[in-house]
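Chemist: Sharing start14.tsv, TSV, C-alpha atoms:
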chain	number	residue	atom	x	y	z
Q	41	MET	CA	-60.08	63.81	-28.29
Q	42	LYS	CA	-61.95	61.56	-25.87
Q	43	GLU	CA	-60.31	59.44	-23.22
Q	44	ILE	CA	-61.29	56.80	-20.67
Q	45	THR	CA	-59.19	54.95	-18.11
Q	46	LYS	CA	-60.38	51.64	-16.68
Q	47	LYS	CA	-58.99	48.78	-14.64
Q	48	ILE	CA	-59.18	45.33	-16.28
Q	49	THR	CA	-61.12	42.95	-14.01
Q	50	ASP	CA	-61.48	39.99	-16.40
Q	51	PRO	CA	-59.73	37.19	-14.45
Q	52	ILE	CA	-57.34	36.36	-17.30
Q	53	GLY	CA	-56.73	39.85	-18.65
Q	54	LEU	CA	-57.37	41.19	-22.12
Q	55	HIS	CA	-57.02	37.93	-24.10
Q	56	ALA	CA	-58.13	36.96	-27.62
Q	57	ARG	CA	-61.86	36.62	-27.24
Q	58	PRO	CA	-62.68	39.70	-25.18
Q	59	ALA	CA	-60.15	41.75	-27.16
Q	60	SER	CA	-61.86	40.70	-30.39
Q	61	LEU	CA	-65.19	42.09	-29.20
Q	62	VAL	CA	-63.56	45.46	-28.53
Q	63	VAL	CA	-61.74	45.41	-31.90
Q	64	LYS	CA	-64.93	44.52	-33.75
Q	65	GLU	CA	-66.71	47.52	-32.21
Q	66	ALA	CA	-63.71	49.80	-32.80
Q	67	ASN	CA	-63.68	48.97	-36.50
Q	68	THR	CA	-67.25	50.22	-36.94
Q	69	PHE	CA	-66.01	53.79	-36.32
Q	70	GLU	CA	-63.86	56.14	-38.40
Q	71	SER	CA	-61.95	57.73	-35.55
Q	72	ASP	CA	-58.37	56.78	-34.66
Q	73	MET	CA	-58.27	54.73	-31.48
Q	74	LYS	CA	-55.29	53.91	-29.31
Q	75	ILE	CA	-54.93	51.84	-26.18
Q	76	PHE	CA	-52.23	52.46	-23.56
Q	77	SER	CA	-51.23	50.24	-20.67
Q	78	ASP	CA	-48.09	49.87	-18.57
Q	79	GLY	CA	-46.00	52.06	-20.89
Q	80	LYS	CA	-47.10	50.17	-24.00
Q	81	GLU	CA	-49.26	51.49	-26.80
Q	82	GLY	CA	-51.47	49.71	-29.35
Q	83	ASN	CA	-54.01	50.31	-32.09
Q	84	LEU	CA	-57.46	49.50	-30.70
Q	85	LYS	CA	-58.52	48.35	-34.19
Q	86	SER	CA	-55.89	45.57	-34.33
Q	87	ILE	CA	-56.41	42.32	-32.43
Q	88	MET	CA	-52.68	41.51	-32.68
Q	89	ASN	CA	-51.69	44.91	-31.29
Q	90	ILE	CA	-53.90	44.41	-28.27
Q	91	MET	CA	-52.83	40.82	-27.66
Q	92	ALA	CA	-49.18	41.83	-27.96
Q	93	MET	CA	-49.67	44.23	-25.04
Q	94	GLY	CA	-50.53	41.27	-22.80
Q	95	VAL	CA	-52.71	43.32	-20.45
Q	96	LYS	CA	-53.23	41.36	-17.22
Q	97	THR	CA	-55.95	41.43	-14.58
Q	98	GLY	CA	-55.76	44.50	-12.34
Q	99	GLU	CA	-53.82	46.61	-14.86
Q	100	GLU	CA	-55.19	49.93	-16.01
Q	101	ILE	CA	-55.89	50.70	-19.64
Q	102	THR	CA	-56.40	54.12	-21.18
Q	103	ILE	CA	-58.25	54.42	-24.46
Q	104	LYS	CA	-57.88	57.57	-26.54
Q	105	ILE	CA	-60.19	58.23	-29.47
Q	106	GLU	CA	-59.82	61.07	-31.94
Q	107	GLY	CA	-61.94	61.80	-35.00
Q	108	LYS	CA	-65.32	62.82	-36.34
Q	109	ASP	CA	-67.33	60.15	-34.50
Q	110	GLU	CA	-65.29	60.18	-31.26
Q	111	ASP	CA	-68.30	60.89	-29.00
Q	112	LYS	CA	-70.28	57.91	-30.23
Q	113	ALA	CA	-67.17	55.72	-30.38
Q	114	ILE	CA	-66.05	56.30	-26.80
Q	115	ALA	CA	-69.55	55.49	-25.51
Q	116	ALA	CA	-69.75	52.32	-27.64
Q	117	ILE	CA	-66.30	51.07	-26.57
Q	118	GLU	CA	-67.05	51.72	-22.91
Q	119	LYS	CA	-70.31	49.78	-23.28
Q	120	VAL	CA	-68.51	46.75	-24.79
Q	121	LEU	CA	-65.96	46.78	-21.94
Q	122	VAL	CA	-68.67	46.96	-19.27
Q	123	ASP	CA	-71.18	44.56	-20.91
Q	124	ASN	CA	-68.51	41.86	-21.23
Q	125	ASN	CA	-67.25	42.32	-17.65
Q	126	LEU	CA	-63.79	43.27	-18.87
Q	127	VAL	CA	-63.59	46.30	-16.59
W	84	MET	CA	-42.32	39.84	-61.15
W	85	GLY	CA	-44.92	41.09	-63.70
W	86	LEU	CA	-47.47	43.68	-62.69
W	87	PHE	CA	-50.31	41.24	-63.11
W	88	LYS	CA	-48.81	38.39	-61.14
W	89	SER	CA	-51.05	37.69	-58.15
W	90	LYS	CA	-49.56	37.39	-54.68
W	91	GLU	CA	-50.14	34.22	-52.75
W	92	ILE	CA	-49.51	33.30	-49.11
W	93	VAL	CA	-49.97	29.64	-48.19
W	94	VAL	CA	-50.88	28.60	-44.64
W	95	TYR	CA	-49.99	25.07	-43.51
W	96	ALA	CA	-51.35	22.83	-40.74
W	97	PRO	CA	-49.19	23.33	-37.62
W	98	PHE	CA	-49.89	19.76	-36.39
W	99	ASP	CA	-51.60	16.52	-37.40
W	100	GLY	CA	-55.28	16.40	-36.57
W	101	THR	CA	-58.90	16.65	-37.64
W	102	VAL	CA	-59.85	19.82	-39.50
W	103	LYS	CA	-63.21	21.59	-39.68
W	104	PRO	CA	-64.55	24.91	-41.01
W	105	ILE	CA	-64.17	27.79	-38.53
W	106	ASP	CA	-67.94	28.38	-38.48
W	107	LYS	CA	-68.45	24.85	-37.11
W	108	VAL	CA	-66.52	25.36	-33.85
W	109	LYS	CA	-68.45	25.55	-30.58
W	110	ASP	CA	-67.04	28.89	-29.48
W	111	GLN	CA	-69.27	31.57	-30.99
W	112	THR	CA	-66.63	34.32	-31.13
W	113	PHE	CA	-64.59	32.14	-33.47
W	114	ALA	CA	-67.57	30.54	-35.27
W	115	GLN	CA	-69.00	33.95	-36.20
W	116	LYS	CA	-65.58	34.95	-37.58
W	117	ILE	CA	-65.40	37.96	-35.25
W	118	LEU	CA	-61.62	37.49	-35.04
W	119	GLY	CA	-61.11	36.28	-38.58
W	120	ASP	CA	-61.53	33.54	-41.16
W	121	GLY	CA	-59.70	30.23	-41.46
W	122	VAL	CA	-60.13	26.67	-40.17
W	123	ALA	CA	-59.92	24.84	-36.84
W	124	ILE	CA	-57.82	21.73	-36.22
W	125	THR	CA	-58.11	19.40	-33.23
W	126	PRO	CA	-54.47	18.35	-32.70
W	127	GLU	CA	-53.36	14.72	-32.73
W	128	SER	CA	-49.61	15.39	-32.65
W	129	GLU	CA	-47.74	17.30	-29.97
W	130	THR	CA	-45.29	19.54	-31.84
W	131	VAL	CA	-46.69	22.86	-33.05
W	132	VAL	CA	-44.73	23.96	-36.13
W	133	SER	CA	-45.00	27.31	-37.90
W	134	PRO	CA	-47.96	27.43	-40.30
W	135	LEU	CA	-46.00	29.96	-42.40
W	136	ASP	CA	-42.73	29.38	-44.25
W	137	SER	CA	-41.67	33.01	-43.81
W	138	GLY	CA	-42.58	36.00	-41.66
W	139	SER	CA	-42.10	36.46	-37.93
W	140	ILE	CA	-43.69	36.04	-34.52
W	141	LEU	CA	-45.59	39.15	-33.42
W	142	ASN	CA	-46.58	37.96	-29.96
W	143	VAL	CA	-46.88	34.95	-27.70
W	144	PHE	CA	-49.65	35.37	-25.16
W	145	HIS	CA	-48.35	34.95	-21.60
W	146	THR	CA	-50.34	31.73	-21.13
W	147	LYS	CA	-48.61	30.19	-24.22
W	148	HIS	CA	-51.88	29.21	-25.93
W	149	ALA	CA	-52.08	31.99	-28.54
W	150	TYR	CA	-49.52	32.96	-31.18
W	151	GLY	CA	-49.72	36.05	-33.36
W	152	LEU	CA	-47.73	35.66	-36.56
W	153	SER	CA	-46.90	38.17	-39.28
W	154	THR	CA	-46.80	36.94	-42.87
W	155	GLY	CA	-44.53	39.89	-43.65
W	156	ASN	CA	-46.98	41.07	-46.33
W	157	GLY	CA	-49.67	42.65	-44.15
W	158	PRO	CA	-51.98	39.80	-43.16
W	159	GLU	CA	-51.55	38.46	-39.62
W	160	LEU	CA	-52.28	34.94	-38.48
W	161	LEU	CA	-53.57	33.83	-35.11
W	162	VAL	CA	-52.94	30.26	-33.92
W	163	HIS	CA	-55.16	29.69	-30.89
W	164	ILE	CA	-54.48	26.34	-29.20
W	165	GLY	CA	-57.73	24.95	-27.79
W	166	MET	CA	-60.76	26.77	-26.42
W	167	ASP	CA	-60.65	28.49	-23.04
W	168	THR	CA	-57.12	27.08	-22.64
W	169	VAL	CA	-56.35	30.58	-21.33
W	170	LEU	CA	-57.83	29.28	-18.05
W	171	LEU	CA	-55.05	26.65	-17.78
W	172	LYS	CA	-52.54	29.52	-17.42
W	173	GLY	CA	-49.91	27.86	-19.56
W	174	GLU	CA	-50.10	24.37	-18.10
W	175	GLY	CA	-49.89	21.62	-20.76
W	176	ILE	CA	-48.10	23.85	-23.29
W	177	GLU	CA	-44.32	24.37	-23.46
W	178	SER	CA	-42.99	27.14	-25.65
W	179	GLU	CA	-39.55	28.47	-26.52
W	180	ALA	CA	-40.85	30.83	-29.21
W	181	VAL	CA	-40.69	34.56	-28.51
W	182	ALA	CA	-41.86	37.71	-30.27
W	183	GLY	CA	-39.47	38.67	-33.07
W	184	ASP	CA	-38.44	35.10	-33.97
W	185	LYS	CA	-38.22	34.50	-37.72
W	186	LEU	CA	-40.50	31.82	-39.16
W	187	SER	CA	-39.71	28.88	-41.41
W	188	ASN	CA	-41.58	25.63	-41.92
W	189	LYS	CA	-39.18	24.04	-39.42
W	190	LYS	CA	-39.73	26.60	-36.66
W	191	VAL	CA	-41.30	24.99	-33.58
W	192	LEU	CA	-43.76	27.27	-31.78
W	193	ALA	CA	-44.69	24.98	-28.92
W	194	THR	CA	-44.95	21.44	-27.60
W	195	LEU	CA	-48.29	20.18	-26.36
W	196	ASP	CA	-49.01	17.69	-23.58
W	197	LEU	CA	-52.09	16.25	-25.27
W	198	LYS	CA	-52.82	13.82	-22.48
W	199	PHE	CA	-53.14	16.73	-20.06
W	200	LEU	CA	-54.85	19.11	-22.48
W	201	ASN	CA	-57.46	16.64	-23.74
W	202	LYS	CA	-58.39	15.98	-20.13
W	203	ASN	CA	-58.35	19.57	-18.83
W	204	ALA	CA	-59.14	21.92	-21.72
W	205	PRO	CA	-62.86	22.56	-22.39
W	206	SER	CA	-62.13	21.82	-26.07
W	207	MET	CA	-58.98	21.32	-28.15
W	208	GLU	CA	-60.48	22.77	-31.34
W	209	SER	CA	-57.66	25.11	-32.39
W	210	PRO	CA	-58.52	27.98	-34.73
W	211	ILE	CA	-55.91	29.05	-37.28
W	212	ILE	CA	-57.18	32.29	-38.68
W	213	ILE	CA	-56.22	35.45	-40.55
W	214	THR	CA	-57.40	38.36	-38.42
W	215	ASN	CA	-60.14	40.48	-40.01
W	216	ASP	CA	-58.40	43.77	-39.39
W	217	SER	CA	-55.20	42.65	-41.18
W	218	ILE	CA	-56.50	40.87	-44.29
W	219	GLY	CA	-56.59	44.02	-46.44
W	220	ASN	CA	-57.07	43.29	-50.15
W	221	TYR	CA	-56.31	39.59	-49.79
W	222	LYS	CA	-59.02	36.96	-50.30
W	223	ILE	CA	-58.93	33.69	-48.39
W	224	GLU	CA	-59.28	30.40	-50.24
W	225	ILE	CA	-59.85	27.38	-48.00
W	226	LEU	CA	-57.98	24.31	-49.28
W	227	LYS	CA	-58.89	21.79	-46.59
W	228	ASP	CA	-61.68	21.95	-44.00
W	229	SER	CA	-62.69	18.35	-43.39
W	230	GLY	CA	-61.14	15.03	-42.46
W	231	LYS	CA	-57.60	14.37	-41.29
W	232	VAL	CA	-54.70	16.67	-41.96
W	233	LYS	CA	-50.93	16.20	-41.55
W	234	ALA	CA	-48.57	18.84	-40.18
W	235	GLY	CA	-47.19	20.83	-43.12
W	236	GLU	CA	-50.19	20.20	-45.38
W	237	ALA	CA	-51.68	23.37	-46.96
W	238	ILE	CA	-54.97	24.33	-45.29
W	239	PHE	CA	-55.75	27.68	-46.90
W	240	LYS	CA	-54.14	30.42	-48.91
W	241	LEU	CA	-54.44	34.15	-49.33
W	242	ILE	CA	-54.53	35.63	-52.79
W	243	LYS	CA	-54.56	39.17	-54.11
Give the structure from the file, written as structure tokens.
Modeler:
Amino acid sequence: MKEITKKITDPIGLHARPASLVVKEANTFESDMKIFSDGKEGNLKSIMNIMAMGVKTGEEITIKIEGKDEDKAIAAIEKVLVDNNLV
Amino acid sequence: MGLFKSKEIVVYAPFDGTVKPIDKVKDQTFAQKILGDGVAITPESETVVSPLDSGSILNVFHTKHAYGLSTGNGPELLVHIGMDTVLLKGEGIESEAVAGDKLSNKKVLATLDLKFLNKNAPSMESPIIITNDSIGNYKIEILKDSGKVKAGEAIFKLIK
């Protein structure tokens, strides 16, 4: 299992468009991926799950990835978060 | 109820307006169908009614501009009012709808202040899409993607 914790710095939080970029990347991997924030939990492969969490600016998210391609997946997800200035 | 009867979910226009294919919107995330497939409508009436006649509300984004809806059969619908309206932090959109509310074709999701929104939102093109990760075995069939549309008119359907 791989895990990263980051603080959301996008001024509006994790809304539809940035979340969709993360979900798109997540769906290219086999591993199970979960996102946790403020006591809530969501499937990183579901745009609705992530939007329902309503993660706001300044809140921390933890992403947990488990499966065959977890090493590649965690690196790819982290890259999407950083490249799009979400964290 | 036969084994071979196909399942169909119809999605209706949530307001009057001008409709266009999703790949013709300015915002590239939506145009490239990264979130999902559907159409975009630029609203010309102020009441946002449910585009589904059954199902429930999954989530209302805290800035009131995005509504996640469950069809109850797997596929999930996103109604995204305007482009970059997230920056308005809820101004120009009133909503009483909350997660868990049941949907019918009379359910009001929100009321728009079009005078304010048309002036302050970067664009009022409003995508109505089935999210890619929820579509499963359903196929989307677009019924209307040009010209004027009335609230309650069928815009696309899902078939499996």
Chemist: Select, from Q:Ile44, Q:Ile101, Q:Ile117, Q:Ile52, the residue with the minimum atom-to-atom distance to Phe76 in chain Q, counting all atoms listed in the file.
Modeler: Q:Ile101
Chemist: Write out as a PyMOL selection string every residue belonging to chain W that has an atom at most 8 Å from any atom of chain Q, counting all atoms listed in the file.
Modeler: chain W and resi 112+117-118+141-145+149+151+159+169-170+214+216-217
Chemist: So that I can see what lies close to range 106-109 of chain Q, please list as a list of chain:residue names the residues with an atom at most 7 Å from it, counting all atoms listed in the file and leaving out residues fewer than 6 positions away in the same chain.
Modeler: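 Everything that qualifies: Q:Met41, Q:Lys42, Q:Phe69, Q:Glu70, Q:Ser71, Q:Asp72, Q:Met73.
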Chemist: Please provide as a short mmCIF file (atom, residue, chain, number, x, y, z; two decimals) with C-alpha atoms, in the frame of the given file all residues within 8 Å of range 173-188 of chain W, with the sequence filter that same-chain residues fewer than 5 positions apart are discarded (counting all atoms listed in the file).
Modeler:
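And here is the file that came out, around-v5.cif:
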data_model
loop_
_atom_site.label_atom_id
_atom_site.label_comp_id
_atom_site.auth_asym_id
_atom_site.auth_seq_id
_atom_site.Cartn_x
_atom_site.Cartn_y
_atom_site.Cartn_z
CA VAL W 132 -44.73 23.96 -36.13
CA SER W 133 -45.00 27.31 -37.90
CA PRO W 134 -47.96 27.43 -40.30
CA LEU W 135 -46.00 29.96 -42.40
CA ASP W 136 -42.73 29.38 -44.25
CA SER W 137 -41.67 33.01 -43.81
CA GLY W 138 -42.58 36.00 -41.66
CA SER W 139 -42.10 36.46 -37.93
CA ILE W 140 -43.69 36.04 -34.52
CA LEU W 141 -45.59 39.15 -33.42
CA ASN W 142 -46.58 37.96 -29.96
CA VAL W 143 -46.88 34.95 -27.70
CA HIS W 145 -48.35 34.95 -21.60
CA THR W 146 -50.34 31.73 -21.13
CA LYS W 147 -48.61 30.19 -24.22
CA HIS W 148 -51.88 29.21 -25.93
CA THR W 168 -57.12 27.08 -22.64
CA ALA W 193 -44.69 24.98 -28.92
CA THR W 194 -44.95 21.44 -27.60
CA LEU W 195 -48.29 20.18 -26.36
CA ASP W 196 -49.01 17.69 -23.58
CA LEU W 197 -52.09 16.25 -25.27
CA PHE W 199 -53.14 16.73 -20.06
CA LEU W 200 -54.85 19.11 -22.48
CA GLY W 235 -47.19 20.83 -43.12
#
Chemist: Can you work out the spacing between CA of Ile213 in chain W and CA of Ile164 in chain W in Å, to one decimal?
Modeler: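 Taking CA of Ile213 in chain W and CA of Ile164 in chain W, their separation equals 14.7 Å.
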Chemist: Could you check the closest approach to Lys243 in chain W for each of W:Glu91, W:Pro210, W:Ile218, W:Leu152 and tell me which residue wins, using all atoms listed in the file?
Modeler: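 Smallest distance to Lys243 in chain W is found for W:Glu91.
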Chemist: Please measure the separation of CA of Ala114 in chain W and CA of Ile225 in chain W, giving the value in Å to one decimal.
Modeler: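 The value is 15.2 Å.
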Chemist: Go ahead and compute the interatomic distance for CA of Lys74 in chain Q and CA of Lys116 in chain W, in Å to one decimal.
Modeler: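 Here the two named atoms are 23.1 Å from each other.
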Chemist: Let me make sure I understand: among Q:Asn83, Q:Thr97, Q:Thr102, Q:Thr68, which one has the smallest atom-to-atom distance to Thr45 in chain Q if we use all atoms listed in the file?
Modeler: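 Smallest separation from Thr45 in chain Q among the options: Q:Thr102.
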Chemist: So, counting all atoms listed in the file, which residue among Q:Ser77, Q:Asp50, Q:Gly98, Q:Glu43 is closest to Glu118 in chain Q?
Modeler: Q:Glu43
Chemist: Quick one: of W:Asn203, W:Lys222, W:Lys198, W:Phe98, who's nearest to Met166 in chain W, counting only C-alpha atoms?
Modeler: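 Result for the nearest residue to Met166 in chain W: W:Asn203.
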Chemist: Which of these residues is nearest to Ala204 in chain W, using all atoms listed in the file: W:Leu171, W:Val232, W:Val94, W:Leu226?
Modeler: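 The answer is W:Leu171, which sits nearest to Ala204 in chain W.
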Chemist: List the spatial neighbours of Val122 in chain Q as number ranges by chain - criterion: any atom at most 12 Å away, all atoms listed in the file, same-chain residues fewer than 2 positions off excluded.
Modeler: Q: 46-50, 58, 61-62, 115-120, 124-127
Chemist: Create the file for the chosen residues now, containing C-alpha atoms and written as an mmCIF file, in the coordinates of the input.
Modeler:
data_model
loop_
_atom_site.group_PDB
_atom_site.id
_atom_site.type_symbol
_atom_site.label_atom_id
_atom_site.label_comp_id
_atom_site.auth_asym_id
_atom_site.auth_seq_id
_atom_site.Cartn_x
_atom_site.Cartn_y
_atom_site.Cartn_z
ATOM 1 C CA LYS Q 46 -60.380 51.640 -16.680
ATOM 2 C CA LYS Q 47 -58.990 48.780 -14.640
ATOM 3 C CA ILE Q 48 -59.180 45.330 -16.280
ATOM 4 C CA THR Q 49 -61.120 42.950 -14.010
ATOM 5 C CA ASP Q 50 -61.480 39.990 -16.400
ATOM 6 C CA PRO Q 58 -62.680 39.700 -25.180
ATOM 7 C CA LEU Q 61 -65.190 42.090 -29.200
ATOM 8 C CA VAL Q 62 -63.560 45.460 -28.530
ATOM 9 C CA ALA Q 115 -69.550 55.490 -25.510
ATOM 10 C CA ALA Q 116 -69.750 52.320 -27.640
ATOM 11 C CA ILE Q 117 -66.300 51.070 -26.570
ATOM 12 C CA GLU Q 118 -67.050 51.720 -22.910
ATOM 13 C CA LYS Q 119 -70.310 49.780 -23.280
ATOM 14 C CA VAL Q 120 -68.510 46.750 -24.790
ATOM 15 C CA ASN Q 124 -68.510 41.860 -21.230
ATOM 16 C CA ASN Q 125 -67.250 42.320 -17.650
ATOM 17 C CA LEU Q 126 -63.790 43.270 -18.870
ATOM 18 C CA VAL Q 127 -63.590 46.300 -16.590
#
Chemist: Enumerate, as a PyMOL selection string, the protein, DNA and RNA residues whose atoms approach (-57.0, 26.5, -44.9) to within 6 Å, taking into account all atoms listed in the file and the coordinate frame of the file.
Modeler: chain W and resi 121-122+225-227+238-239
